[in-house]
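Visitor: Compact mmCIF, C-alpha atoms, file my_file-v8.txt:
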```txt
# COMPACT_ATOMS: atom_id res chain seq x y z
CA MET L 1 -13.91 -46.30 3.03
CA SER L 2 -10.50 -47.84 3.46
CA ARG L 3 -8.52 -47.54 6.67
CA HIS L 4 -5.69 -45.81 4.78
CA PHE L 5 -8.05 -43.21 3.39
CA VAL L 6 -9.41 -42.44 6.87
CA ILE L 7 -5.88 -42.04 8.23
CA ALA L 8 -4.92 -39.79 5.32
CA LEU L 9 -8.04 -37.69 5.80
CA ALA L 10 -7.32 -37.36 9.51
CA LEU L 11 -3.78 -36.23 8.75
CA VAL L 12 -5.02 -33.61 6.31
CA ILE L 13 -7.50 -32.27 8.85
CA ALA L 14 -4.85 -32.25 11.57
CA CYS L 15 -2.36 -30.39 9.36
CA SER L 16 -5.05 -27.89 8.34
CA SER L 17 -5.86 -27.27 11.99
CA MET L 18 -2.19 -26.69 12.75
CA LEU L 19 -1.94 -24.15 9.97
CA PHE L 20 -5.09 -22.43 11.15
CA ALA L 21 -3.70 -22.19 14.68
CA GLN L 22 -0.60 -20.54 13.32
CA GLY L 23 -2.63 -17.63 12.04
CA LYS L 24 -4.40 -18.81 8.91
CA GLY L 25 -1.12 -18.64 7.09
CA ALA L 26 1.04 -15.92 8.57
CA PHE L 27 3.46 -13.81 6.55
CA ALA L 28 7.20 -14.21 7.00
CA GLY L 29 8.49 -11.24 5.03
CA VAL L 30 11.01 -11.14 2.24
CA LYS L 31 14.02 -11.46 4.53
CA ALA L 32 12.89 -14.92 5.48
CA CYS L 33 12.40 -15.82 1.81
CA GLY L 34 15.93 -14.68 1.05
CA THR L 35 17.37 -17.16 3.50
CA CYS L 36 16.82 -19.98 1.00
CA HIS L 37 15.83 -18.18 -2.22
CA GLU L 38 18.69 -15.72 -2.28
CA ASP L 39 18.94 -15.39 -6.06
CA LEU L 40 15.23 -14.83 -6.53
CA VAL L 41 15.08 -12.22 -3.79
CA LYS L 42 18.18 -10.50 -5.12
CA GLY L 43 16.63 -10.33 -8.58
CA TRP L 44 13.32 -9.13 -7.18
CA SER L 45 15.01 -6.38 -5.16
CA GLY L 46 15.81 -4.53 -8.38
CA THR L 47 12.24 -4.57 -9.67
CA PRO L 48 9.53 -1.93 -9.29
CA HIS L 49 7.65 -4.35 -7.03
CA ALA L 50 10.43 -4.04 -4.46
CA LYS L 51 10.21 -0.26 -4.57
CA ALA L 52 6.43 -0.12 -4.78
CA PHE L 53 5.94 1.58 -1.43
CA GLU L 54 8.69 4.09 -2.14
CA SER L 55 6.97 5.04 -5.37
CA LEU L 56 3.77 5.62 -3.42
CA LYS L 57 5.58 7.88 -0.96
CA LYS L 58 6.94 9.94 -3.83
CA SER L 59 3.39 10.80 -4.79
CA SER L 60 2.35 11.32 -1.12
CA GLN L 61 -0.24 8.54 -1.37
CA GLN L 62 1.22 6.32 1.34
CA ASN L 63 -1.71 6.96 3.69
CA LEU L 64 -4.50 6.21 1.22
CA PRO L 65 -5.68 2.64 1.87
CA ASP L 66 -7.00 2.14 -1.64
CA CYS L 67 -3.55 2.96 -2.97
CA VAL L 68 -1.52 1.26 -0.24
CA LYS L 69 -3.14 -2.15 -0.78
CA CYS L 70 -1.36 -2.52 -4.13
CA HIS L 71 2.04 -1.37 -2.91
CA VAL L 72 2.55 -3.65 0.09
CA THR L 73 2.27 -7.27 1.12
CA GLY L 74 -0.71 -8.66 3.02
CA PHE L 75 -2.42 -5.33 3.61
CA GLU L 76 -4.49 -5.34 6.81
CA LYS L 77 -4.01 -9.08 7.30
CA VAL L 78 -2.60 -10.56 10.46
CA SER L 79 1.21 -10.23 10.21
CA GLY L 80 0.80 -8.36 6.92
CA PHE L 81 1.28 -4.66 6.29
CA MET L 82 -0.59 -2.29 8.61
CA ASP L 83 1.33 0.94 8.26
CA ILE L 84 4.92 1.87 7.61
CA GLU L 85 5.69 2.53 11.27
CA LEU L 86 4.29 -0.77 12.58
CA THR L 87 5.20 -3.12 9.76
CA PRO L 88 7.96 -1.62 7.60
CA GLU L 89 9.19 -5.11 6.79
CA MET L 90 6.04 -5.76 4.76
CA ALA L 91 6.31 -2.69 2.51
CA GLY L 92 6.61 -3.33 -1.20
CA VAL L 93 5.07 -6.10 -3.26
CA GLN L 94 7.02 -9.04 -1.92
CA CYS L 95 7.12 -12.76 -2.67
CA GLU L 96 4.16 -13.59 -0.45
CA GLN L 97 1.79 -11.22 -2.20
CA CYS L 98 1.81 -13.63 -5.14
CA HIS L 99 2.85 -16.92 -3.55
CA GLY L 100 0.81 -16.66 -0.36
CA PRO L 101 1.74 -16.37 3.32
CA ALA L 102 4.88 -18.40 3.90
CA LYS L 103 5.70 -18.30 7.59
CA HIS L 104 4.85 -21.96 7.94
CA HIS L 105 6.91 -22.74 4.82
CA ALA L 106 9.90 -20.88 6.28
CA GLU L 107 9.64 -22.33 9.76
CA SER L 108 8.97 -25.88 8.65
CA GLY L 109 12.04 -26.06 6.50
CA GLY L 110 10.22 -25.85 3.20
CA ASP L 111 6.75 -27.38 3.52
CA LYS L 112 4.89 -25.97 0.52
CA THR L 113 1.40 -26.62 1.86
CA GLY L 114 -0.80 -23.65 1.15
CA LEU L 115 1.68 -21.87 -1.10
CA VAL L 116 0.83 -20.83 -4.63
CA ARG L 117 3.40 -21.68 -7.28
CA SER L 118 2.01 -19.30 -9.88
CA SER L 119 -0.80 -16.99 -8.97
CA GLY L 120 -1.80 -16.31 -12.57
CA SER L 121 -2.93 -13.10 -14.17
CA ALA L 122 -6.00 -12.71 -11.96
CA MET L 123 -3.80 -11.69 -9.03
CA CYS L 124 -1.84 -9.17 -11.11
CA ILE L 125 -4.75 -7.44 -12.78
CA GLY L 126 -6.26 -6.72 -9.39
CA CYS L 127 -3.71 -3.91 -9.20
CA HIS L 128 -2.48 -3.54 -12.77
CA THR L 129 -5.86 -2.26 -13.87
CA PRO L 130 -6.40 -0.54 -17.22
CA GLY L 131 -6.68 2.74 -15.36
CA GLN L 132 -3.36 2.29 -13.56
CA ASP L 133 -1.39 0.32 -16.10
CA LYS L 134 -2.99 0.65 -19.50
CA ASN L 135 -0.48 -1.45 -21.41
CA PHE L 136 -0.04 -4.20 -18.83
CA ASP L 137 0.84 -7.44 -20.57
CA TYR L 138 0.83 -10.33 -18.11
CA GLN L 139 2.69 -12.75 -20.39
CA GLN L 140 5.57 -10.31 -20.77
CA LYS L 141 5.68 -8.88 -17.26
CA VAL L 142 5.49 -12.19 -15.46
CA LYS L 143 8.87 -13.10 -16.95
CA LEU L 144 10.41 -10.08 -15.24
CA VAL L 145 8.89 -10.38 -11.81
CA HIS L 146 12.04 -11.93 -10.36
CA GLY L 147 14.19 -9.36 -12.05
CA SER L 148 15.56 -11.34 -14.97
CA GLY L 149 15.72 -8.22 -17.04
CA THR L 150 14.46 -4.71 -16.90
CA LEU L 151 10.83 -3.78 -16.99
CA ALA L 152 9.90 -1.55 -19.86
CA GLN L 153 10.34 2.05 -18.85
CA VAL L 154 8.49 5.03 -20.19
CA THR L 155 10.83 6.95 -22.38
CA THR L 156 11.02 10.69 -22.05
CA ALA L 157 10.61 13.21 -24.78
CA GLY L 158 13.57 13.21 -27.09
CA ALA L 159 14.82 15.39 -29.87
CA VAL L 160 12.50 13.78 -32.41
CA ALA L 161 9.44 14.48 -30.30
CA ALA L 162 10.53 18.00 -29.53
CA ALA L 163 10.81 18.69 -33.22
CA LYS L 164 7.20 17.69 -33.76
CA LEU L 165 5.29 18.82 -30.69
CA ALA L 166 6.33 21.82 -28.64
CA ILE L 167 4.84 22.01 -25.17
CA GLU L 168 5.15 24.93 -22.84
CA PRO L 169 5.68 24.63 -19.92
CA MET L 170 7.13 21.12 -19.64
CA THR L 171 7.37 21.43 -15.86
CA LYS L 172 5.37 23.52 -13.42
CA SER L 173 6.47 24.05 -9.83
CA PHE L 174 3.71 25.03 -7.43
CA GLY L 175 5.81 25.62 -4.31
CA VAL L 176 3.80 25.13 -1.12
CA ILE L 177 0.01 25.01 -1.48
CA ASP L 178 -2.69 24.32 1.09
CA GLU L 179 -4.32 20.90 1.15
CA GLY L 180 -7.61 21.02 -0.69
CA VAL L 181 -6.45 23.67 -3.14
CA PRO L 182 -6.18 22.05 -6.57
CA ALA L 183 -2.90 22.39 -8.43
CA LYS L 184 -3.73 23.35 -12.00
CA MET L 185 -1.32 23.28 -14.90
CA VAL L 186 -2.22 24.75 -18.28
CA ALA L 187 0.20 23.82 -21.03
CA THR L 188 0.16 24.92 -24.64
CA VAL L 189 0.74 22.14 -27.11
CA THR L 190 1.86 23.21 -30.59
CA ASN L 191 2.46 21.13 -33.68
CA THR L 192 5.75 22.42 -35.04
CA GLY L 193 6.05 19.76 -37.71
CA ASP L 194 4.75 19.65 -41.26
CA ARG L 195 2.06 16.98 -40.94
CA ASP L 196 -1.01 16.43 -38.79
CA ILE L 197 -0.34 14.94 -35.38
CA THR L 198 -2.92 13.14 -33.29
CA ILE L 199 -2.40 12.83 -29.56
CA THR L 200 -3.66 9.33 -28.99
CA ASN L 201 -3.38 9.10 -25.23
CA VAL L 202 -2.84 11.31 -22.20
CA ARG L 203 -2.28 9.69 -18.83
CA THR L 204 -1.05 10.69 -15.40
CA ASN L 205 0.77 8.72 -12.73
CA MET J 1 -8.10 17.77 -20.40
CA LEU J 2 -6.91 18.29 -23.95
CA GLY J 3 -8.53 20.99 -26.10
CA GLN J 4 -8.24 18.97 -29.29
CA HIS J 5 -6.55 15.72 -30.13
CA THR J 6 -5.48 16.33 -33.74
CA LEU J 7 -3.31 19.31 -34.57
CA LYS J 8 -2.55 20.60 -38.03
CA PRO J 9 0.95 22.01 -38.70
CA HIS J 10 1.56 25.11 -36.52
CA GLU J 11 -1.74 24.65 -34.74
CA SER J 12 -1.91 24.83 -30.94
CA THR J 13 -4.21 23.59 -28.22
CA THR J 14 -4.22 23.59 -24.43
CA LEU J 15 -3.70 20.72 -22.06
CA VAL J 16 -5.20 21.36 -18.63
CA THR J 17 -4.20 19.06 -15.79
CA VAL J 18 -5.56 19.34 -12.26
CA TYR J 19 -4.01 17.59 -9.28
CA ARG J 20 -6.53 17.36 -6.46
CA THR J 21 -4.68 17.71 -3.19
CA VAL J 22 -7.35 16.56 -0.71
CA ASN J 23 -5.85 13.84 1.51
CA LEU J 24 -2.51 14.15 -0.25
CA PRO J 25 -0.27 16.23 2.03
CA GLY J 26 3.44 16.20 1.37
CA GLN J 27 5.72 16.51 -1.61
CA PHE J 28 4.34 15.61 -5.00
CA ARG J 29 5.70 15.14 -8.47
CA LYS J 30 3.12 14.14 -11.04
CA THR J 31 3.92 13.01 -14.55
CA ILE J 32 1.63 13.60 -17.50
CA THR J 33 2.46 11.33 -20.40
CA LEU J 34 1.36 12.03 -23.96
CA THR J 35 1.40 9.51 -26.78
CA THR J 36 1.07 10.53 -30.43
CA ASP J 37 0.52 8.78 -33.74
CA VAL J 38 3.95 9.81 -35.03
CA PRO J 39 5.77 6.59 -35.95
CA GLY J 40 8.79 5.96 -33.76
CA GLN J 41 8.11 8.91 -31.53
CA ASP J 42 8.77 8.52 -27.85
CA GLU J 43 6.18 9.39 -25.28
CA ILE J 44 6.33 12.96 -24.03
CA GLU J 45 6.34 13.67 -20.31
CA LEU J 46 5.32 16.84 -18.47
CA PHE J 47 5.75 17.35 -14.75
CA MET J 48 3.86 19.05 -11.92
CA GLU J 49 5.65 19.35 -8.61
CA GLY J 50 5.29 21.02 -5.25
CA GLU J 51 4.35 20.47 -1.67
CA VAL J 52 0.89 20.25 -0.15
CA LYS J 53 0.63 21.71 3.33
CA GLU J 54 -1.44 19.45 5.53
CA LYS J 55 -4.74 20.79 6.85
CA PRO J 56 -5.27 20.82 10.66
CA CYS J 57 -6.08 17.36 12.00
CA ALA J 58 -5.79 15.01 14.96
CA LYS J 59 -3.04 12.39 14.87
CA ILE J 60 -2.65 9.38 17.07
CA GLN J 61 0.51 7.90 18.49
CA VAL J 62 0.40 4.83 20.71
CA THR J 63 3.20 3.52 22.87
CA PRO J 64 4.03 0.69 22.73
CA ARG J 65 2.74 -0.33 19.32
CA ARG J 66 3.82 -3.91 19.81
CA PHE J 67 4.01 -5.72 23.11
CA ASP J 68 4.81 -9.28 24.01
CA LEU J 69 2.76 -10.56 26.94
CA GLY J 70 4.97 -13.59 27.35
CA VAL J 71 3.47 -16.85 28.49
CA LEU J 72 -0.18 -16.72 29.57
CA LYS J 73 -2.50 -19.21 31.19
CA PRO J 74 -5.69 -19.91 29.23
CA GLY J 75 -8.52 -17.66 30.36
CA THR J 76 -6.32 -15.72 32.78
CA PRO J 77 -6.46 -11.93 32.26
CA VAL J 78 -3.22 -10.02 31.69
CA LYS J 79 -3.04 -6.25 31.89
CA GLN J 80 -1.08 -4.00 29.54
CA THR J 81 -0.92 -0.22 29.73
CA VAL J 82 -0.69 1.81 26.55
CA THR J 83 -0.24 5.54 26.15
CA ILE J 84 -2.36 7.26 23.54
CA ALA J 85 -1.04 10.64 22.46
CA ASN J 86 -2.43 13.26 20.12
CA THR J 87 0.41 14.58 17.98
CA GLY J 88 -1.90 16.53 15.70
CA THR J 89 -3.32 20.03 15.80
CA LEU J 90 -7.01 19.28 16.50
CA PRO J 91 -8.61 17.36 19.42
CA LEU J 92 -8.48 13.59 19.04
CA HIS J 93 -11.73 11.68 19.66
CA VAL J 94 -11.21 8.03 20.57
CA LYS J 95 -14.35 5.93 20.17
CA LYS J 96 -13.28 2.46 21.16
CA ILE J 97 -10.45 -0.04 21.42
CA PHE J 98 -11.24 -3.48 20.04
CA GLY J 99 -9.82 -6.71 18.68
CA LYS J 100 -9.77 -6.48 14.90
CA GLU J 101 -10.07 -10.22 14.43
CA SER J 102 -11.66 -11.26 17.73
CA ASN J 103 -14.08 -8.30 17.96
CA LYS J 104 -13.43 -8.14 21.70
CA ILE J 105 -14.08 -4.70 23.16
CA TYR J 106 -11.16 -3.50 25.29
CA PHE J 107 -12.48 0.01 25.84
CA ASP J 108 -15.70 1.68 24.77
CA ALA J 109 -15.83 5.43 25.09
CA SER J 110 -19.36 5.83 23.78
CA PRO J 111 -21.46 7.89 23.91
CA ALA J 112 -19.31 10.83 25.00
CA GLY J 113 -16.00 9.64 23.53
CA LEU J 114 -12.55 10.07 24.93
CA VAL J 115 -11.13 13.43 23.90
CA ILE J 116 -7.38 14.05 23.87
CA GLU J 117 -6.30 17.60 23.22
CA PRO J 118 -3.39 18.34 20.86
CA GLY J 119 -0.07 17.64 22.52
CA MET J 120 -1.70 15.65 25.34
CA SER J 121 -1.84 11.94 26.09
CA VAL J 122 -3.78 9.47 28.23
CA THR J 123 -2.94 6.00 29.46
CA LYS J 124 -5.32 3.10 29.10
CA GLU J 125 -5.08 -0.27 30.74
CA LEU J 126 -6.08 -3.09 28.43
CA THR J 127 -7.12 -6.43 29.88
CA ILE J 128 -6.24 -9.23 27.54
CA VAL J 129 -7.57 -12.75 27.86
CA GLN J 130 -6.69 -15.59 25.54
CA ASP J 131 -8.43 -18.93 25.72
CA GLN J 132 -6.79 -21.02 23.04
CA SER J 133 -3.41 -22.61 23.54
CA GLY J 134 -0.52 -21.67 21.30
CA ALA J 135 1.13 -18.55 19.99
CA PHE J 136 -1.16 -15.62 19.29
CA SER J 137 -0.93 -12.23 17.67
CA GLU J 138 -3.90 -9.99 18.41
CA LEU J 139 -4.45 -6.93 16.25
CA ILE J 140 -5.94 -4.30 18.50
CA GLY J 141 -7.68 -1.45 16.73
CA ILE J 142 -8.12 2.02 18.16
CA GLU J 143 -11.02 3.72 16.44
CA SER J 144 -10.80 7.48 16.35
CA ASP J 145 -10.87 10.49 14.08
CA ALA J 146 -7.08 10.51 13.82
CA ARG J 147 -5.87 11.21 10.36
CA ASN J 148 -3.15 8.59 10.49
CA GLY J 149 -5.51 5.72 11.23
CA THR J 150 -6.35 3.42 8.33
CA ARG J 151 -10.06 3.90 7.65
CA GLY J 152 -10.34 5.40 11.12
CA VAL J 153 -8.53 2.57 12.88
CA PHE J 154 -4.98 2.65 14.23
CA VAL J 155 -3.59 -0.80 14.92
CA ILE J 156 -1.32 -2.05 17.68
CA VAL J 157 -0.22 -5.63 18.16
CA ALA J 158 -0.29 -7.82 21.26
CA SER J 159 1.49 -11.15 21.05
CA GLY J 160 2.30 -13.98 23.39
CA LYS J 161 1.89 -17.66 23.99
CA VAL J 162 -0.83 -19.49 25.87
CA GLU J 163 0.22 -22.60 27.73
CA PRO J 164 -2.02 -24.73 29.93
```
What is this structure when it is put down as structure tokens?

Guide:
Amino acid sequence: MSRHFVIALALVIACSSMLFAQGKGAFAGVKACGTCHEDLVKGWSGTPHAKAFESLKKSSQQNLPDCVKCHVTGFEKVSGFMDIELTPEMAGVQCEQCHGPAKHHAESGGDKTGLVRSSGSAMCIGCHTPGQDKNFDYQQKVKLVHGSGTLAQVTTAGAVAAAKLAIEPMTKSFGVIDEGVPAKMVATVTNTGDRDITITNVRTN
Amino acid sequence: MLGQHTLKPHESTTLVTVYRTVNLPGQFRKTITLTTDVPGQDEIELFMEGEVKEKPCAKIQVTPRRFDLGVLKPGTPVKQTVTIANTGTLPLHVKKIFGKESNKIYFDASPAGLVIEPGMSVTKELTIVQDQSGAFSELIGIESDARNGTRGVFVIVASGKVEP
């Protein structure tokens, strides 16, 4: 074993120990990322990932751990998201959810040790499961993750659809109901067109 | 649940959607999206909306949630007082206070448990000891039956720096 190799190995071990002492890779939060990566963070801020926690709140699921884990950064990890009161700065799917904890990167002036350049589809499909995101296409969506475009949006029923399928009611308001009481909506779906129509998929958010 | 998937002209079916409200207090707006085999047809969206009134429960509030202990000597205990309040409508049962990463026990209320009535609070003095030099951030979990704990644990954070 050469002397150089031993020195290099010692340096690697020393650096690893330093990182470990700093919290096994602590999170910095998106504000810190924006200090140097302003354009990327600006682009990201317009994506659904940036608003992921807000979308969870809209469906009152912000206290369900199995839901929260996919709408925040570093859930239940040291310096990651704990709850919205304690760690609001880690809400949303931020840079570090894909690229790894970056506190050391931010504080060292850019040392990339331990960061992930591209996390690959495996990271994404952990949350974009067939049940949650049936048509998720990694190759397409990964191009939009920094906001260089607009993610495909679900289009609402238009005049063409209305002419073919009539559904009544389209919206049901339940007012205030007690927790535990199921909210049940019964809608009548009628084919008003002149050919057979097959409903190929029904999904809920 | 859809009665039938293929409809002949002028034929109708029912679509039944149930939103289960257990553990989902608060406003809701659910979207049901239908896709058909009609070429070029957009997806059709239906909506269910309302508000779920929360069932009676205990809720925990801890003050402070974050505290900086400053500079500590290795192995030297530092005391920090926290106030645990029950902001819910049922009695709060605290089981223990522990380090989430270190597994240190700061307070163990077993077997009886510490009971805090709705609207009441208690103070607890935590004794924190750190042995390793450097900055630290200790996640301290409070295990209870509070609804707002994550999997039964409400987390507070103690930070500081250990210098020889």

Visitor: Which residue is closest to chain J? Choose from L:Ala52, L:Cys124, L:Val68, L:Val145 and count only C-alpha atoms.

Guide: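 Ranking L:Ala52, L:Cys124, L:Val68, L:Val145 by distance to chain J, first place goes to L:Val68.
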
Visitor: With 6 Å as the cut-off and only C-alpha atoms counted, what is the closest atom pair between each nearby residue of chain J and chain L? Distances in Å to one decimal, ordered by chain and number, as CSV.

Guide:
```
residue,atom,partner,partner_atom,distance
J:His5,CA,L:Ile199,CA,5.1
J:Thr6,CA,L:Thr198,CA,4.1
J:Leu7,CA,L:Ile197,CA,5.3
J:Lys8,CA,L:Asp196,CA,4.5
J:Pro9,CA,L:Asp194,CA,5.2
J:His10,CA,L:Asn191,CA,5.0
J:Glu11,CA,L:Asn191,CA,5.6
J:Ser12,CA,L:Thr190,CA,4.1
J:Thr13,CA,L:Val189,CA,5.3
J:Thr14,CA,L:Thr188,CA,4.6
J:Leu15,CA,L:Ala187,CA,5.1
J:Val16,CA,L:Val186,CA,4.5
J:Thr17,CA,L:Met185,CA,5.2
J:Val18,CA,L:Lys184,CA,4.4
J:Tyr19,CA,L:Ala183,CA,5.0
J:Arg20,CA,L:Pro182,CA,4.7
J:Thr21,CA,L:Gly180,CA,5.1
J:Val22,CA,L:Gly180,CA,4.5
J:Leu24,CA,L:Ser60,CA,5.7
J:Gly26,CA,L:Ser60,CA,5.6
J:Phe28,CA,L:Ser59,CA,4.9
J:Thr31,CA,L:Thr204,CA,5.6
J:Ile32,CA,L:Thr204,CA,4.5
J:Thr33,CA,L:Arg203,CA,5.3
J:Leu34,CA,L:Val202,CA,4.6
J:Thr35,CA,L:Asn201,CA,5.0
J:Thr36,CA,L:Ile199,CA,4.3
J:Asp37,CA,L:Thr198,CA,5.6
J:Gln41,CA,L:Ala161,CA,5.9
J:Asp42,CA,L:Ala157,CA,5.9
J:Glu43,CA,L:Ala157,CA,5.9
J:Ile44,CA,L:Ala157,CA,4.4
J:Glu45,CA,L:Thr156,CA,5.8
J:Leu46,CA,L:Met170,CA,4.8
J:Phe47,CA,L:Thr171,CA,4.5
J:Met48,CA,L:Lys172,CA,5.0
J:Glu49,CA,L:Ser173,CA,4.9
J:Gly50,CA,L:Gly175,CA,4.7
J:Glu51,CA,L:Val176,CA,4.7
J:Val52,CA,L:Ile177,CA,5.0
J:Lys53,CA,L:Asp178,CA,4.8
J:Glu54,CA,L:Glu179,CA,5.4
J:Lys55,CA,L:Glu179,CA,5.7
```

Visitor: I'd like the interatomic distance between atom CA of L:Tyr138 and atom CA of L:Gly120, to a tenth of an Å.

Guide: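 The value is 8.6 Å.
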
Visitor: Find the residues near L:Gln97: any atom within 12 Å, counting all atoms listed in the file, skip ones fewer than 4 places away on the same chain, and give them as an MDAnalysis selection string.

Guide: chainID L and resid 26:30 49:50 69:75 77 80:81 90:93 101:102 115:119 123:124 126:127 145

Visitor: Determine the nearest neighbour of J:Glu138 from the options J:Leu69, J:Leu126, J:Val38, J:Val157, counting only C-alpha atoms.

Guide: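 Selected residue with least distance to J:Glu138: J:Val157.
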
Visitor: Atom CA of L:Gly34 to atom CA of L:Cys95: how many Å, to one decimal?

Guide: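 Spanning atom CA of L:Gly34 to atom CA of L:Cys95 is a straight-line distance of 9.8 Å.
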
Visitor: Using only C-alpha atoms, which residue out of L:Asn135, L:Ser121, L:Gln94, L:Thr35 lies closest to L:Ala106?

Guide: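 Residue with the minimum atom-to-atom distance to L:Ala106: L:Thr35.
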
Visitor: Please list, as a tab-separated table (two decimals) with C-alpha atoms, in the coordinates of the input, the residues that have an atom at most 7 Å away from (-5.0, -1.4, 31.3) in the coordinates of this file, counting all atoms listed in the file.

Guide:
```tsv
chain	number	residue	atom	x	y	z
J	79	LYS	CA	-3.04	-6.25	31.89
J	80	GLN	CA	-1.08	-4.00	29.54
J	81	THR	CA	-0.92	-0.22	29.73
J	124	LYS	CA	-5.32	3.10	29.10
J	125	GLU	CA	-5.08	-0.27	30.74
J	126	LEU	CA	-6.08	-3.09	28.43
J	127	THR	CA	-7.12	-6.43	29.88
```

Visitor: Please report the interatomic distance between atom CA of J:Ala158 and atom CA of J:Arg65 in Å with one decimal.

Guide: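 We find that atom CA of J:Ala158 and atom CA of J:Arg65 lie 8.3 Å from each other.
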
Visitor: Around the point (-2.0, 9.6, 17.9), in the coordinates given by the file, pick out the residues reaching within 12 Å, counting all atoms listed in the file, and return them as a count of residues only.

Guide: 43
